Amino acid sequence: MNKTIRRASVFCLLLVLALLGRATWVQAYQARALADDDHNRRKTIAQYAQPLGDIIVAGSPVTGSKKTEGSDLAYKRTYKKGDLYAAVTGYSSQAYGSTQLEGIYSQVLDGTDTRLKNPLDSLTGRRNAPGNVVTTIDPDVQKAAQDALGDDKGAAVAIDPKSGQILGMVSSPSYDPSDISGTTDGDTWQKLLADPDKPLVNRALRQPLAPGSTFKLVVASAALENGLYHSVDEPTKSPVPYTLPGSSKVLRNESASAPCENATLRVALQYSCNNVFGKVAADLGQDKVRAMAEKFGFNTEKLDVPVRASKSIYPSGMDKAQTALSGIGQFEVTATPLQIAMVSAALANDGELAAPHMVSKVTDANGSTLEDFEDGDMKRIVSSSTAEQLRSAMVTVVEEGTGTNARIGGAEVGGKTGTAENGVGNSNTPYAWFTSYAKEDSSGQEVAVAVIVEDSGSADAEVSGNGLAAPIAQKMMKAALRR
């Protein structure tokens, strides 16, 4: 064999070996990655080859599947009362992917989760029947929240303080996931993306904003737990006017006639005295306030319910004046409605926070449990004494203070209002907050809620937690207590 033929043969052999090596690499090492790649059309075809499993509310599915025509995707997702439950389910779209419970449990719902396999399926190659996701949502609470929010931009969350079960979670404006579940919904999708009110954003979990005076519950907790004051009825050292430390700026109260000078924590919560909580935060120092905020859940990177909530922030590196402003829920303090509901839930539950969750279990098609989420995974936040004192002060807020619109006959109701500045110099419409708990006198049933109204169309002077947010919370609490 001459040299030229020999070299050509060796080169061809090397090419063959390279091809074999590449094929082996793809088959042995990249097969799974390629199969899971979102750009793999076969993955989408397989996902929608059969009806999907369901997301369940109070024993009934709020999702479904519909046979398609003229498409290689045999079925598409449908939703019952889609706009009511969008903040819970998220969407499953043939074109735009999946979010929230639809995304987290997509493999259970499309039947590809390995826990759904049985020996017979493995032998026959038959597709596994999809599983279901059972939620903790109470449809009455959910409907009450949606109806009460109406056209207002905002969000609401309700939690069972003892179990941590999320009973309601609404974000407004909402959308119907059915409208974007197919492959020909581009116009609707673009309209949703372009909407300045951002209906695709779950405001209850994913939009932390300044919590305003609802954060005063955290500051009051820190004051009692750190011994700055030993009782909610002990007078504080809080001058009026209160000048921010190292500054010429005066921290003003909403009502100039309110009895805020040296007010007790009870009276300061009742009248939402900024001078008291600004000075308390400055006296405690940012580290002690932050430590208490973090016990309640602020600055938590991974708060999964199981949908991951955005981090609520209590900042660091503040000076004394900024620390004082943080004491009234301003400066760079931000919180989601979920986080603020967790504050009230912990105080309602004798100072212990039950881990919030909106899924009770995941099952196979026959109802057998694949994954169970136990209620009542507790963490001590404040002492029983501190919780009892603050509940008493919150009741005063509702009975005699700024939260009278949350009253429910025959139930113990405690709450805290908040009106948070929005924009530089409060140039935008303020946020109206209300957080509360209610306990049924006869049955002992409890619920904790948080409501934010970002924009109701009201004039700025008419925006208040009691006027806008407390009536929404009251309706949710009444629904939870079956009143």
# chains A, B, ... in the order shown; residues from 1 in each chain; ligands from 1
$ select_by_dssp --residues "stretch 56-284 of chain A" --states "alpha helix (DSSP H)" --output "PyMOL selection string"
chain A and resi 82-89+100-104+106-110+119-124+139-149+186-194+203-206+216-225+265-270+274-284
$ select_by_dssp --residues "stretch 33-226 of chain A" --states "strand (DSSP E)" --output "number ranges by chain"
A: 55-57, 60-61, 63-67, 75-79, 92-93, 97-98, 132-135, 153-159, 166-172
$ write_last_selection --atoms "N, CA, C and O atoms" --output "compact mmCIF listing (two decimals), in the first residue's frame"
# COMPACT_ATOMS: atom_id res chain seq x y z
N ILE A 55 -55.08 20.27 39.56
CA ILE A 55 -54.85 20.99 40.80
C ILE A 55 -56.20 21.08 41.51
O ILE A 55 -57.19 21.51 40.91
N ILE A 56 -56.22 20.65 42.77
CA ILE A 56 -57.48 20.43 43.49
C ILE A 56 -57.67 21.50 44.56
O ILE A 56 -56.76 21.82 45.33
N VAL A 57 -58.87 22.05 44.64
CA VAL A 57 -59.27 22.98 45.68
C VAL A 57 -60.53 22.43 46.34
O VAL A 57 -61.54 22.21 45.66
N SER A 60 -62.30 19.53 44.64
CA SER A 60 -62.72 19.65 43.24
C SER A 60 -61.59 20.23 42.40
O SER A 60 -60.88 21.14 42.85
N PRO A 61 -61.42 19.73 41.16
CA PRO A 61 -60.37 20.27 40.30
C PRO A 61 -60.70 21.67 39.81
O PRO A 61 -61.86 21.96 39.47
N THR A 63 -58.68 22.80 37.41
CA THR A 63 -58.02 22.70 36.12
C THR A 63 -58.67 21.57 35.33
O THR A 63 -59.41 20.76 35.88
N GLY A 64 -58.36 21.51 34.05
CA GLY A 64 -58.84 20.44 33.19
C GLY A 64 -57.96 20.35 31.96
O GLY A 64 -56.92 21.00 31.87
N SER A 65 -58.37 19.53 31.00
CA SER A 65 -57.65 19.40 29.73
C SER A 65 -58.67 19.29 28.60
O SER A 65 -59.76 18.76 28.78
N LYS A 66 -58.28 19.81 27.43
CA LYS A 66 -59.18 19.83 26.28
C LYS A 66 -58.47 19.28 25.06
O LYS A 66 -57.32 19.62 24.79
N LYS A 67 -59.15 18.41 24.32
CA LYS A 67 -58.60 17.83 23.10
C LYS A 67 -58.42 18.93 22.05
O LYS A 67 -59.31 19.76 21.85
N TYR A 75 -53.46 17.62 23.64
CA TYR A 75 -54.34 18.25 24.63
C TYR A 75 -53.76 19.59 25.07
O TYR A 75 -52.54 19.80 25.02
N LYS A 76 -54.62 20.46 25.52
CA LYS A 76 -54.14 21.70 26.13
C LYS A 76 -54.85 21.92 27.47
O LYS A 76 -55.94 21.38 27.71
N ARG A 77 -54.24 22.74 28.31
CA ARG A 77 -54.74 22.97 29.65
C ARG A 77 -55.96 23.89 29.63
O ARG A 77 -56.03 24.84 28.84
N THR A 78 -56.93 23.60 30.48
CA THR A 78 -58.07 24.49 30.69
C THR A 78 -58.18 24.79 32.18
O THR A 78 -57.63 24.08 33.02
N TYR A 79 -58.89 25.86 32.50
CA TYR A 79 -59.03 26.30 33.89
C TYR A 79 -60.48 26.65 34.20
O TYR A 79 -61.17 27.25 33.38
N SER A 92 -50.10 26.80 32.58
CA SER A 92 -49.39 25.80 31.80
C SER A 92 -49.71 26.07 30.34
O SER A 92 -50.84 25.85 29.88
N SER A 93 -48.72 26.59 29.62
CA SER A 93 -48.93 27.02 28.24
C SER A 93 -48.07 26.20 27.29
O SER A 93 -46.89 25.98 27.53
N GLY A 97 -44.57 27.92 28.40
CA GLY A 97 -44.08 27.18 29.56
C GLY A 97 -45.07 27.18 30.71
O GLY A 97 -46.27 27.43 30.54
N SER A 98 -44.56 26.90 31.91
CA SER A 98 -45.42 26.75 33.08
C SER A 98 -44.86 27.55 34.25
O SER A 98 -43.65 27.72 34.37
N ASN A 132 -52.04 14.32 40.80
CA ASN A 132 -52.77 15.53 41.14
C ASN A 132 -52.08 16.29 42.27
O ASN A 132 -51.34 15.70 43.06
N VAL A 133 -52.36 17.57 42.36
CA VAL A 133 -51.83 18.42 43.42
C VAL A 133 -53.01 18.94 44.24
O VAL A 133 -53.90 19.60 43.70
N VAL A 134 -53.01 18.62 45.52
CA VAL A 134 -54.11 19.00 46.41
C VAL A 134 -53.69 20.23 47.21
O VAL A 134 -52.70 20.19 47.95
N THR A 135 -54.44 21.32 47.08
CA THR A 135 -54.08 22.57 47.74
C THR A 135 -54.80 22.73 49.08
O THR A 135 -55.73 21.98 49.40
N LYS A 153 -56.06 47.51 42.44
CA LYS A 153 -54.77 46.84 42.24
C LYS A 153 -54.20 46.49 43.60
O LYS A 153 -54.03 47.38 44.45
N GLY A 154 -53.91 45.22 43.83
CA GLY A 154 -53.39 44.82 45.13
C GLY A 154 -53.35 43.32 45.28
O GLY A 154 -53.38 42.57 44.30
N ALA A 155 -53.29 42.87 46.52
CA ALA A 155 -53.18 41.44 46.80
C ALA A 155 -53.64 41.16 48.22
O ALA A 155 -53.70 42.06 49.06
N ALA A 156 -53.96 39.90 48.47
CA ALA A 156 -54.40 39.49 49.79
C ALA A 156 -53.99 38.04 50.05
O ALA A 156 -54.00 37.22 49.13
N VAL A 157 -53.64 37.76 51.30
CA VAL A 157 -53.25 36.41 51.72
C VAL A 157 -53.93 36.10 53.04
O VAL A 157 -54.00 36.97 53.93
N ALA A 158 -54.44 34.88 53.19
CA ALA A 158 -55.01 34.41 54.45
C ALA A 158 -54.33 33.11 54.85
O ALA A 158 -54.13 32.22 54.02
N ILE A 159 -53.97 33.01 56.13
CA ILE A 159 -53.25 31.85 56.67
C ILE A 159 -53.97 31.34 57.91
O ILE A 159 -54.44 32.13 58.74
N ILE A 166 -52.23 27.99 53.82
CA ILE A 166 -52.67 29.20 53.14
C ILE A 166 -54.09 28.96 52.65
O ILE A 166 -54.34 28.07 51.82
N LEU A 167 -55.03 29.73 53.17
CA LEU A 167 -56.44 29.53 52.87
C LEU A 167 -56.90 30.35 51.67
O LEU A 167 -57.89 30.02 51.03
N GLY A 168 -56.20 31.43 51.39
CA GLY A 168 -56.55 32.27 50.26
C GLY A 168 -55.35 33.07 49.79
O GLY A 168 -54.53 33.49 50.61
N MET A 169 -55.25 33.26 48.48
CA MET A 169 -54.16 34.05 47.92
C MET A 169 -54.64 34.62 46.59
O MET A 169 -54.86 33.89 45.62
N VAL A 170 -54.81 35.93 46.57
CA VAL A 170 -55.37 36.61 45.40
C VAL A 170 -54.46 37.76 45.01
O VAL A 170 -53.92 38.46 45.86
N SER A 171 -54.30 37.93 43.71
CA SER A 171 -53.54 39.05 43.15
C SER A 171 -54.43 39.75 42.12
O SER A 171 -55.06 39.09 41.29
N SER A 172 -54.48 41.07 42.20
CA SER A 172 -55.37 41.83 41.31
C SER A 172 -54.62 43.00 40.67
O SER A 172 -53.87 43.70 41.36
$ closest_residue --among "A:Arg203, A:Lys81, A:Lys162, A:Arg483" --to "A:Leu353" --atoms "only C-alpha atoms"
A:Lys162
$ atom_distance --atom1 "atom CA of A:Ser181" --atom2 "atom CA of A:Gly150"
24.7 Å
$ residues_around --residues "A:Cys273" --least-positions-apart "3" --cutoff "9 Å" --atoms "only C-alpha atoms" --output "ChimeraX atom specification"
/A:213,252-255,258-261,263,267-270,276-278,328
$ write_last_selection --atoms "all heavy atoms" --output "tab-separated table (two decimals), in the first residue's frame"
chain	number	residue	atom	x	y	z
A	213	SER	N	-46.87	51.12	58.31
A	213	SER	CA	-47.06	50.94	59.75
A	213	SER	C	-47.37	49.51	60.17
A	213	SER	O	-47.36	49.22	61.37
A	213	SER	CB	-48.15	51.88	60.25
A	213	SER	OG	-47.73	53.23	60.15
A	252	ARG	N	-43.30	63.13	61.51
A	252	ARG	CA	-44.63	63.59	61.89
A	252	ARG	C	-45.61	62.41	62.02
A	252	ARG	O	-45.42	61.36	61.41
A	252	ARG	CB	-45.16	64.58	60.85
A	252	ARG	CG	-44.25	65.80	60.68
A	252	ARG	CD	-44.89	66.88	59.83
A	252	ARG	NE	-43.96	67.99	59.63
A	252	ARG	CZ	-43.73	68.94	60.52
A	252	ARG	NH1	-44.37	68.92	61.67
A	252	ARG	NH2	-42.87	69.92	60.26
A	253	ASN	N	-46.65	62.63	62.79
A	253	ASN	CA	-47.71	61.64	62.94
A	253	ASN	C	-48.86	61.98	61.99
A	253	ASN	O	-49.02	63.13	61.57
A	253	ASN	CB	-48.22	61.62	64.38
A	253	ASN	CG	-47.16	61.13	65.35
A	253	ASN	OD1	-46.51	60.11	65.09
A	253	ASN	ND2	-46.97	61.85	66.44
A	254	GLU	N	-49.64	60.96	61.66
A	254	GLU	CA	-50.76	61.15	60.74
A	254	GLU	C	-51.76	62.16	61.30
A	254	GLU	O	-52.28	63.00	60.59
A	254	GLU	CB	-51.45	59.81	60.46
A	254	GLU	CG	-52.52	59.85	59.40
A	254	GLU	CD	-51.98	60.10	58.01
A	254	GLU	OE1	-50.80	59.81	57.76
A	254	GLU	OE2	-52.75	60.62	57.17
A	255	SER	N	-52.00	62.05	62.61
A	255	SER	CA	-52.92	62.97	63.26
A	255	SER	C	-52.17	63.79	64.29
A	255	SER	O	-51.60	63.25	65.24
A	255	SER	CB	-54.06	62.20	63.94
A	255	SER	OG	-54.85	63.06	64.73
A	258	ALA	N	-53.41	63.26	67.91
A	258	ALA	CA	-53.31	61.95	68.56
A	258	ALA	C	-52.42	62.03	69.79
A	258	ALA	O	-51.41	62.75	69.79
A	258	ALA	CB	-52.76	60.92	67.57
A	259	PRO	N	-52.75	61.30	70.86
A	259	PRO	CA	-51.98	61.35	72.11
A	259	PRO	C	-50.69	60.53	72.01
A	259	PRO	O	-50.51	59.52	72.70
A	259	PRO	CB	-52.94	60.76	73.13
A	259	PRO	CG	-53.78	59.81	72.34
A	259	PRO	CD	-53.94	60.42	70.98
A	260	CYS	N	-49.77	60.98	71.18
A	260	CYS	CA	-48.58	60.19	70.87
A	260	CYS	C	-47.35	60.53	71.72
A	260	CYS	O	-46.38	59.77	71.73
A	260	CYS	CB	-48.21	60.35	69.39
A	260	CYS	SG	-49.41	59.58	68.26
A	261	GLU	N	-47.37	61.64	72.43
A	261	GLU	CA	-46.20	62.00	73.22
A	261	GLU	C	-46.04	61.02	74.38
A	261	GLU	O	-46.94	60.85	75.21
A	261	GLU	CB	-46.33	63.43	73.76
A	261	GLU	CG	-45.09	63.89	74.51
A	261	GLU	CD	-45.12	65.37	74.86
A	261	GLU	OE1	-46.17	66.02	74.60
A	261	GLU	OE2	-44.12	65.89	75.37
A	263	ALA	N	-46.30	57.99	74.45
A	263	ALA	CA	-47.40	57.02	74.44
A	263	ALA	C	-46.90	55.62	74.74
A	263	ALA	O	-45.76	55.25	74.44
A	263	ALA	CB	-48.10	57.04	73.08
A	267	VAL	N	-51.12	52.41	72.92
A	267	VAL	CA	-51.67	53.64	72.36
A	267	VAL	C	-50.97	53.98	71.05
A	267	VAL	O	-51.60	54.44	70.09
A	267	VAL	CB	-51.53	54.80	73.37
A	267	VAL	CG1	-51.87	56.13	72.72
A	267	VAL	CG2	-52.43	54.54	74.57
A	268	ALA	N	-49.67	53.71	70.98
A	268	ALA	CA	-48.92	54.01	69.75
A	268	ALA	C	-49.39	53.15	68.59
A	268	ALA	O	-49.42	53.61	67.44
A	268	ALA	CB	-47.43	53.81	70.00
A	269	LEU	N	-49.77	51.91	68.87
A	269	LEU	CA	-50.35	51.06	67.82
A	269	LEU	C	-51.77	51.52	67.51
A	269	LEU	O	-52.18	51.55	66.34
A	269	LEU	CB	-50.34	49.60	68.25
A	269	LEU	CG	-48.97	48.90	68.26
A	269	LEU	CD1	-49.06	47.54	68.93
A	269	LEU	CD2	-48.41	48.75	66.85
A	270	GLN	N	-52.51	51.89	68.53
A	270	GLN	CA	-53.90	52.33	68.35
A	270	GLN	C	-53.99	53.54	67.43
A	270	GLN	O	-54.84	53.60	66.54
A	270	GLN	CB	-54.50	52.68	69.72
A	270	GLN	CG	-55.92	53.18	69.67
A	270	GLN	CD	-56.42	53.56	71.06
A	270	GLN	OE1	-55.75	53.32	72.06
A	270	GLN	NE2	-57.59	54.16	71.12
A	276	VAL	N	-43.23	57.36	68.14
A	276	VAL	CA	-42.91	56.28	69.08
A	276	VAL	C	-42.07	55.20	68.41
A	276	VAL	O	-41.00	54.81	68.91
A	276	VAL	CB	-44.19	55.67	69.68
A	276	VAL	CG1	-43.86	54.44	70.52
A	276	VAL	CG2	-44.93	56.71	70.52
A	277	PHE	N	-42.52	54.72	67.27
A	277	PHE	CA	-41.83	53.58	66.65
A	277	PHE	C	-40.54	54.00	65.95
A	277	PHE	O	-39.61	53.21	65.84
A	277	PHE	CB	-42.78	52.84	65.72
A	277	PHE	CG	-43.83	52.10	66.49
A	277	PHE	CD1	-45.10	52.62	66.64
A	277	PHE	CD2	-43.53	50.90	67.11
A	277	PHE	CE1	-46.07	51.97	67.38
A	277	PHE	CE2	-44.49	50.22	67.86
A	277	PHE	CZ	-45.76	50.77	68.00
A	278	GLY	N	-40.47	55.25	65.49
A	278	GLY	CA	-39.20	55.75	64.97
A	278	GLY	C	-38.15	55.78	66.06
A	278	GLY	O	-37.02	55.33	65.88
A	328	ILE	N	-40.89	52.62	61.04
A	328	ILE	CA	-42.28	52.83	60.61
A	328	ILE	C	-42.51	52.19	59.23
A	328	ILE	O	-43.44	52.55	58.51
A	328	ILE	CB	-42.64	54.33	60.59
A	328	ILE	CG1	-41.78	55.11	59.58
A	328	ILE	CG2	-42.49	54.92	61.99
A	328	ILE	CD1	-42.26	56.55	59.35
$ residues_around --residues "A:Ser71" --least-positions-apart "6" --cutoff "12 Å" --atoms "only C-alpha atoms" --output "PyMOL selection string"
chain A and resi 44-45+48-49+94+182-184
$ write_last_selection --atoms "all heavy atoms" --output "short mmCIF file (atom, residue, chain, number, x, y, z; two decimals), in the first residue's frame"
data_model
loop_
_atom_site.label_atom_id
_atom_site.label_comp_id
_atom_site.auth_asym_id
_atom_site.auth_seq_id
_atom_site.Cartn_x
_atom_site.Cartn_y
_atom_site.Cartn_z
N THR A 44 -42.33 18.75 24.56
CA THR A 44 -43.63 19.39 24.63
C THR A 44 -44.73 18.48 24.10
O THR A 44 -45.82 18.42 24.66
CB THR A 44 -43.61 20.71 23.83
OG1 THR A 44 -42.53 21.52 24.28
CG2 THR A 44 -44.91 21.47 24.00
N ILE A 45 -44.42 17.75 23.01
CA ILE A 45 -45.40 16.81 22.46
C ILE A 45 -45.76 15.75 23.50
O ILE A 45 -46.93 15.41 23.70
CB ILE A 45 -44.85 16.14 21.18
CG1 ILE A 45 -44.74 17.19 20.06
CG2 ILE A 45 -45.73 14.98 20.76
CD1 ILE A 45 -44.03 16.67 18.82
N TYR A 48 -48.02 17.10 26.45
CA TYR A 48 -49.43 17.32 26.16
C TYR A 48 -50.02 16.17 25.34
O TYR A 48 -51.02 16.34 24.64
CB TYR A 48 -49.61 18.64 25.42
CG TYR A 48 -49.25 19.83 26.28
CD1 TYR A 48 -48.04 20.49 26.13
CD2 TYR A 48 -50.13 20.28 27.26
CE1 TYR A 48 -47.71 21.58 26.93
CE2 TYR A 48 -49.82 21.35 28.06
CZ TYR A 48 -48.60 22.01 27.90
OH TYR A 48 -48.28 23.07 28.70
N ALA A 49 -49.44 14.98 25.46
CA ALA A 49 -49.93 13.82 24.71
C ALA A 49 -51.18 13.22 25.34
O ALA A 49 -51.91 12.47 24.69
CB ALA A 49 -48.85 12.75 24.63
N GLN A 94 -48.69 25.79 26.19
CA GLN A 94 -47.95 25.06 25.17
C GLN A 94 -46.86 25.92 24.54
O GLN A 94 -45.86 25.40 24.05
CB GLN A 94 -48.92 24.56 24.09
CG GLN A 94 -49.90 23.52 24.57
CD GLN A 94 -50.93 23.16 23.52
OE1 GLN A 94 -51.14 23.89 22.55
NE2 GLN A 94 -51.59 22.02 23.69
N GLY A 182 -52.69 27.73 24.84
CA GLY A 182 -52.44 27.09 23.55
C GLY A 182 -51.23 27.63 22.83
O GLY A 182 -50.35 28.27 23.42
N THR A 183 -51.18 27.41 21.53
CA THR A 183 -50.05 27.87 20.70
C THR A 183 -50.42 29.05 19.81
O THR A 183 -49.57 29.57 19.09
CB THR A 183 -49.55 26.71 19.80
OG1 THR A 183 -50.64 26.25 18.99
CG2 THR A 183 -49.00 25.57 20.64
N THR A 184 -51.66 29.48 19.87
CA THR A 184 -52.10 30.58 18.99
C THR A 184 -52.60 31.77 19.80
O THR A 184 -53.49 32.51 19.37
CB THR A 184 -53.22 30.09 18.05
OG1 THR A 184 -54.33 29.63 18.84
CG2 THR A 184 -52.73 28.97 17.15
#
$ closest_atom_pairs --of "stretch 52-124 of chain A" --to "stretch 368-379 of chain A" --cutoff "12 Å" --atoms "only C-alpha atoms" --output "tab-separated table"
residue	atom	partner	partner_atom	distance
A:Tyr105	CA	A:Glu371	CA	11.1
A:Val108	CA	A:Leu370	CA	9.4
A:Asp113	CA	A:Leu370	CA	10.2
A:Thr114	CA	A:Leu370	CA	10.5
A:Arg115	CA	A:Leu370	CA	7.0
A:Leu116	CA	A:Leu370	CA	8.2
A:Lys117	CA	A:Leu370	CA	11.3
$ closest_residue --among "A:Val413, A:Ala461, A:Leu193, A:Ala321" --to "A:Gln286" --atoms "only C-alpha atoms"
A:Ala321
$ residues_around --residues "A:Phe298" --least-positions-apart "5" --cutoff "7 Å" --atoms "only C-alpha atoms" --output "list in words"
Ala293, Lys311, Ser312, Ile313 and Tyr314 of chain A
$ residues_around --residues "A:Asp110" --least-positions-apart "5" --cutoff "9 Å" --atoms "only C-alpha atoms" --output "PDB file with C-alpha atoms, in the first residue's frame"
ATOM      1  CA  ALA A  46     -44.975  14.216  25.222  1.00  0.00           C
ATOM      2  CA  GLN A  47     -46.125  16.658  27.914  1.00  0.00           C
ATOM      3  CA  TYR A  48     -49.428  17.315  26.156  1.00  0.00           C
ATOM      4  CA  ALA A  49     -49.934  13.823  24.713  1.00  0.00           C
ATOM      5  CA  GLN A  50     -52.611  12.992  27.291  1.00  0.00           C
ATOM      6  CA  PRO A  51     -54.882  14.938  29.649  1.00  0.00           C
ATOM      7  CA  LEU A  52     -52.899  16.522  32.464  1.00  0.00           C
ATOM      8  CA  GLY A  53     -53.500  15.814  36.123  1.00  0.00           C
ATOM      9  CA  TYR A 105     -45.338  19.934  39.697  1.00  0.00           C
ATOM     10  CA  ASN A 128     -48.019   6.683  33.453  1.00  0.00           C
ATOM     11  CA  ALA A 129     -51.333   8.163  34.494  1.00  0.00           C
ATOM     12  CA  PRO A 130     -50.746  11.730  35.716  1.00  0.00           C
ATOM     13  CA  GLY A 131     -50.975  12.690  39.377  1.00  0.00           C
TER      14      GLY A 131
END
$ residues_around --residues "A:Asn226" --least-positions-apart "3" --cutoff "12 Å" --atoms "only C-alpha atoms" --output "ChimeraX atom specification"
/A:219-223,229-231,280-281,283-285,287-289,291-292,382-383,386
$ decode --residues "stretch 80-87 of chain A" --atoms "all heavy atoms" --output "PDB file, in the first residue's frame"
ATOM      1  N   LYS A  80     -60.920  26.271  35.376  1.00  0.00           N
ATOM      2  CA  LYS A  80     -62.247  26.631  35.857  1.00  0.00           C
ATOM      3  C   LYS A  80     -62.084  27.835  36.787  1.00  0.00           C
ATOM      4  O   LYS A  80     -61.319  27.777  37.738  1.00  0.00           O
ATOM      5  CB  LYS A  80     -62.871  25.460  36.609  1.00  0.00           C
ATOM      6  CG  LYS A  80     -62.972  24.191  35.758  1.00  0.00           C
ATOM      7  CD  LYS A  80     -63.381  22.984  36.590  1.00  0.00           C
ATOM      8  CE  LYS A  80     -63.353  21.719  35.744  1.00  0.00           C
ATOM      9  NZ  LYS A  80     -63.666  20.508  36.553  1.00  0.00           N
ATOM     10  N   LYS A  81     -62.791  28.907  36.483  1.00  0.00           N
ATOM     11  CA  LYS A  81     -62.633  30.152  37.242  1.00  0.00           C
ATOM     12  C   LYS A  81     -61.148  30.539  37.272  1.00  0.00           C
ATOM     13  O   LYS A  81     -60.569  30.802  38.325  1.00  0.00           O
ATOM     14  CB  LYS A  81     -63.180  30.008  38.656  1.00  0.00           C
ATOM     15  CG  LYS A  81     -64.657  29.653  38.710  1.00  0.00           C
ATOM     16  CD  LYS A  81     -65.143  29.490  40.141  1.00  0.00           C
ATOM     17  CE  LYS A  81     -66.620  29.106  40.173  1.00  0.00           C
ATOM     18  NZ  LYS A  81     -67.114  28.885  41.556  1.00  0.00           N
ATOM     19  N   GLY A  82     -60.566  30.567  36.073  1.00  0.00           N
ATOM     20  CA  GLY A  82     -59.121  30.751  35.960  1.00  0.00           C
ATOM     21  C   GLY A  82     -58.613  32.020  36.602  1.00  0.00           C
ATOM     22  O   GLY A  82     -57.563  32.014  37.257  1.00  0.00           O
ATOM     23  N   ASP A  83     -59.347  33.135  36.452  1.00  0.00           N
ATOM     24  CA  ASP A  83     -58.887  34.389  37.036  1.00  0.00           C
ATOM     25  C   ASP A  83     -58.943  34.371  38.555  1.00  0.00           C
ATOM     26  O   ASP A  83     -58.190  35.071  39.229  1.00  0.00           O
ATOM     27  CB  ASP A  83     -59.695  35.565  36.486  1.00  0.00           C
ATOM     28  CG  ASP A  83     -61.177  35.478  36.835  1.00  0.00           C
ATOM     29  OD1 ASP A  83     -61.680  34.358  37.033  1.00  0.00           O
ATOM     30  OD2 ASP A  83     -61.828  36.533  36.908  1.00  0.00           O
ATOM     31  N   LEU A  84     -59.827  33.557  39.137  1.00  0.00           N
ATOM     32  CA  LEU A  84     -59.932  33.441  40.589  1.00  0.00           C
ATOM     33  C   LEU A  84     -58.730  32.726  41.184  1.00  0.00           C
ATOM     34  O   LEU A  84     -58.220  33.119  42.244  1.00  0.00           O
ATOM     35  CB  LEU A  84     -61.221  32.699  40.958  1.00  0.00           C
ATOM     36  CG  LEU A  84     -61.439  32.387  42.444  1.00  0.00           C
ATOM     37  CD1 LEU A  84     -61.476  33.670  43.271  1.00  0.00           C
ATOM     38  CD2 LEU A  84     -62.720  31.584  42.636  1.00  0.00           C
ATOM     39  N   TYR A  85     -58.245  31.699  40.490  1.00  0.00           N
ATOM     40  CA  TYR A  85     -57.185  30.860  41.058  1.00  0.00           C
ATOM     41  C   TYR A  85     -55.820  31.039  40.388  1.00  0.00           C
ATOM     42  O   TYR A  85     -54.878  30.302  40.694  1.00  0.00           O
ATOM     43  CB  TYR A  85     -57.599  29.383  40.978  1.00  0.00           C
ATOM     44  CG  TYR A  85     -58.762  29.053  41.878  1.00  0.00           C
ATOM     45  CD1 TYR A  85     -60.035  28.823  41.358  1.00  0.00           C
ATOM     46  CD2 TYR A  85     -58.596  28.993  43.252  1.00  0.00           C
ATOM     47  CE1 TYR A  85     -61.103  28.532  42.186  1.00  0.00           C
ATOM     48  CE2 TYR A  85     -59.657  28.696  44.096  1.00  0.00           C
ATOM     49  CZ  TYR A  85     -60.915  28.468  43.556  1.00  0.00           C
ATOM     50  OH  TYR A  85     -61.975  28.185  44.387  1.00  0.00           O
ATOM     51  N   ALA A  86     -55.685  32.031  39.511  1.00  0.00           N
ATOM     52  CA  ALA A  86     -54.422  32.197  38.786  1.00  0.00           C
ATOM     53  C   ALA A  86     -53.231  32.398  39.713  1.00  0.00           C
ATOM     54  O   ALA A  86     -52.125  31.920  39.433  1.00  0.00           O
ATOM     55  CB  ALA A  86     -54.533  33.376  37.807  1.00  0.00           C
ATOM     56  N   ALA A  87     -53.426  33.106  40.826  1.00  0.00           N
ATOM     57  CA  ALA A  87     -52.323  33.342  41.763  1.00  0.00           C
ATOM     58  C   ALA A  87     -51.909  32.070  42.477  1.00  0.00           C
ATOM     59  O   ALA A  87     -50.826  32.013  43.068  1.00  0.00           O
ATOM     60  CB  ALA A  87     -52.716  34.410  42.790  1.00  0.00           C
TER      61      ALA A  87
END
